[in-house]
Amino acid sequence: MAILERDGASIHYTVHGSGFPVLALAPGGMRSAGPWWERSPWNPLTELAGTHRVIVMDQRNAGASTAPVTGGEDWSTYTADQLGLLDHLGVDEFAVVGMCIGGPFILGLLRAAPERVARAVVVQSIGLDGNRDAFEESFDAWRDTIAADHPEAGPEQWDAYRAGMYAGDDPLWSVPTSVLPTITAPLLVLQGDDRFHPRSASQLIASSVPGAVLVEHWHDDDLPAAREAIAGFLAPLRP
């Protein structure tokens, strides 16, 4: 595992395979890190590394990555880490796949650097739909596991961090809904269907982004077809 040092953060990452670069943003909420892909029914390391250069990163203070907690963190902090890693690797144009919290991460990249994103796959994005308490509780559980490693942060900093992530009213957290119709990158959306990944979030993305394609069913018996859909969607980026 390699490390990028930037602005006090140590971002751990791995690179698998070769070909057109694909940034893989793992599920796991605030614990978003490479190993979470191993728990997913669709894993970009096994599905894409044979045809693409798959870049997997542990987000700050998740997995092996660390960063100081200042209270100034929000979604843009993570976007900066992600673009910083791609810059470090010399990657200009890239595709991106993301599951769970990876959905808002992708939208943040599409707003910050739309000219760099060739294609995007959003898998069961998180979203706000009468479930804010679930995200606050999840954040607090994550904080409790790492707070001892951050003597620099007190309750005020942690509360500000949580607010920066989950206090807003935008249903997709990282960007306002008004951004969605401006997205021009081809987008494939696999629908979620639970408390953290409500159908409404996937449907909002698919219905608002021009040309976006929605896959409503992708678990169990539908997984082989979903795998083929993702592979076909990314196939134009192969050499």
# chains A, B, ... in the order shown; residues from 1 in each chain; ligands from 1
call {"tool": "select_by_dssp", "arguments": {"residues": "segment 42-128 of chain A", "states": "strand (DSSP E or B)", "output": "list in words"}}
result
Arg53, Val54, Ile55, Val56, Met57, Thr66, Phe94, Ala95, Val96, Val97, Gly98, Met99, Val117, Ala118, Arg119, Ala120, Val121, Val122 and Val123 of chain A
call {"tool": "residues_around", "arguments": {"residues": "Val213 of chain A", "least_positions_apart": "5", "cutoff": "7 Å", "atoms": "only C-alpha atoms", "output": "count of residues only"}}
result
4
call {"tool": "residues_around", "arguments": {"residues": "segment 78-95 of chain A", "least_positions_apart": "4", "cutoff": "6 Å", "atoms": "only C-alpha atoms", "output": "PyMOL selection string"}}
result
chain A and resi 21-22+116-120
call {"tool": "closest_atom_pairs", "arguments": {"of": "segment 28-75 of chain A", "to": "segment 138-149 of chain A", "cutoff": "9 Å", "atoms": "only C-alpha atoms", "output": "Markdown table"}}
result
| residue | atom | partner | partner_atom | distance |
| --- | --- | --- | --- | --- |
| A:Gly29 | CA | A:Ser138 | CA | 7.8 |
| A:Met30 | CA | A:Phe139 | CA | 6.6 |
| A:Arg31 | CA | A:Trp142 | CA | 7.1 |
| A:Asn61 | CA | A:Ile146 | CA | 7.9 |
call {"tool": "atom_distance", "arguments": {"atom1": "atom CA of Asn131 of chain A", "atom2": "atom CA of Phe196 of chain A"}}
result
7.2 Å
call {"tool": "closest_residue", "arguments": {"among": "A:Phe233, A:Tyr161, A:Phe105, A:Trp37", "to": "Gly127 of chain A", "atoms": "only C-alpha atoms"}}
result
A:Phe105
call {"tool": "residues_around", "arguments": {"residues": "segment 39-41 of chain A", "least_positions_apart": "2", "cutoff": "12 Å", "atoms": "only C-alpha atoms", "output": "MDAnalysis selection string"}}
result
chainID A and resid 26:28 32:37 43:47 98:100 123:124 218:224 226:227
call {"tool": "atom_distance", "arguments": {"atom1": "atom CA of Leu109 of chain A", "atom2": "atom CA of Thr77 of chain A"}}
result
11.2 Å
call {"tool": "closest_residue", "arguments": {"among": "A:Thr14, A:Arg111, A:Gly232, A:Gly8", "to": "Arg60 of chain A", "atoms": "only C-alpha atoms"}}
result
A:Gly8
call {"tool": "atom_distance", "arguments": {"atom1": "atom CA of Gln203 of chain A", "atom2": "atom CA of Val122 of chain A"}}
result
11.3 Å
call {"tool": "closest_atom_pairs", "arguments": {"of": "segment 40-140 of chain A", "to": "segment 169-177 of chain A", "cutoff": "10 Å", "atoms": "only C-alpha atoms", "output": "Markdown table"}}
result
| residue | atom | partner | partner_atom | distance |
| --- | --- | --- | --- | --- |
| A:Asp74 | CA | A:Ser174 | CA | 8.4 |
| A:Trp75 | CA | A:Ser174 | CA | 5.6 |
| A:Ser76 | CA | A:Ser174 | CA | 7.8 |
| A:Thr79 | CA | A:Ser174 | CA | 9.6 |
| A:Ile101 | CA | A:Trp173 | CA | 9.6 |
| A:Gly103 | CA | A:Leu172 | CA | 8.1 |
| A:Pro104 | CA | A:Ser174 | CA | 5.2 |
| A:Phe105 | CA | A:Ser174 | CA | 7.1 |
| A:Ile106 | CA | A:Ser174 | CA | 9.0 |
| A:Leu107 | CA | A:Val175 | CA | 6.7 |
| A:Gly108 | CA | A:Ser174 | CA | 5.9 |
| A:Leu109 | CA | A:Ser174 | CA | 9.7 |
| A:Leu110 | CA | A:Val175 | CA | 9.6 |
| A:Arg111 | CA | A:Val175 | CA | 7.7 |
| A:Ser125 | CA | A:Leu172 | CA | 8.1 |
| A:Ile126 | CA | A:Leu172 | CA | 7.1 |
| A:Gly127 | CA | A:Leu172 | CA | 4.9 |
| A:Leu128 | CA | A:Pro171 | CA | 4.4 |
| A:Asp129 | CA | A:Pro171 | CA | 6.9 |
| A:Gly130 | CA | A:Pro171 | CA | 9.8 |
| A:Arg132 | CA | A:Asp169 | CA | 9.4 |
call {"tool": "write_last_selection", "arguments": {"atoms": "C-alpha atoms", "output": "short mmCIF file (atom, residue, chain, number, x, y, z; two decimals), in the first residue's frame"}}
result
data_model
loop_
_atom_site.label_atom_id
_atom_site.label_comp_id
_atom_site.auth_asym_id
_atom_site.auth_seq_id
_atom_site.Cartn_x
_atom_site.Cartn_y
_atom_site.Cartn_z
CA ASP A 74 -17.04 18.80 4.79
CA TRP A 75 -17.66 17.03 1.50
CA SER A 76 -15.24 19.30 -0.33
CA THR A 79 -13.12 15.83 -3.01
CA ILE A 101 -21.04 7.20 0.40
CA GLY A 103 -22.38 8.38 -4.54
CA PRO A 104 -22.00 11.83 -2.99
CA PHE A 105 -18.23 11.57 -3.46
CA ILE A 106 -18.79 11.09 -7.20
CA LEU A 107 -21.17 14.02 -7.38
CA GLY A 108 -18.58 16.18 -5.63
CA LEU A 109 -16.01 15.24 -8.26
CA LEU A 110 -18.46 15.93 -11.07
CA ARG A 111 -19.07 19.41 -9.72
CA SER A 125 -25.98 6.03 -3.21
CA ILE A 126 -26.76 7.25 0.27
CA GLY A 127 -29.35 10.01 0.46
CA LEU A 128 -31.49 12.07 2.81
CA ASP A 129 -35.06 10.76 3.04
CA GLY A 130 -36.39 10.94 6.59
CA ARG A 132 -30.91 11.92 9.09
#
call {"tool": "closest_residue", "arguments": {"among": "A:Leu4, A:Ala134, A:Met57, A:Leu180", "to": "Ala212 of chain A", "atoms": "only C-alpha atoms"}}
result
A:Leu180
call {"tool": "select_by_dssp", "arguments": {"residues": "segment 8-239 of chain A", "states": "alpha helix (DSSP H)", "output": "PyMOL selection string"}}
result
chain A and resi 44-48+75-88+102-112+132-146+155-166+199-208+223-234
call {"tool": "closest_residue", "arguments": {"among": "A:Trp42, A:Ile11, A:Val96, A:His16", "to": "Ala62 of chain A", "atoms": "only C-alpha atoms"}}
result
A:Ile11
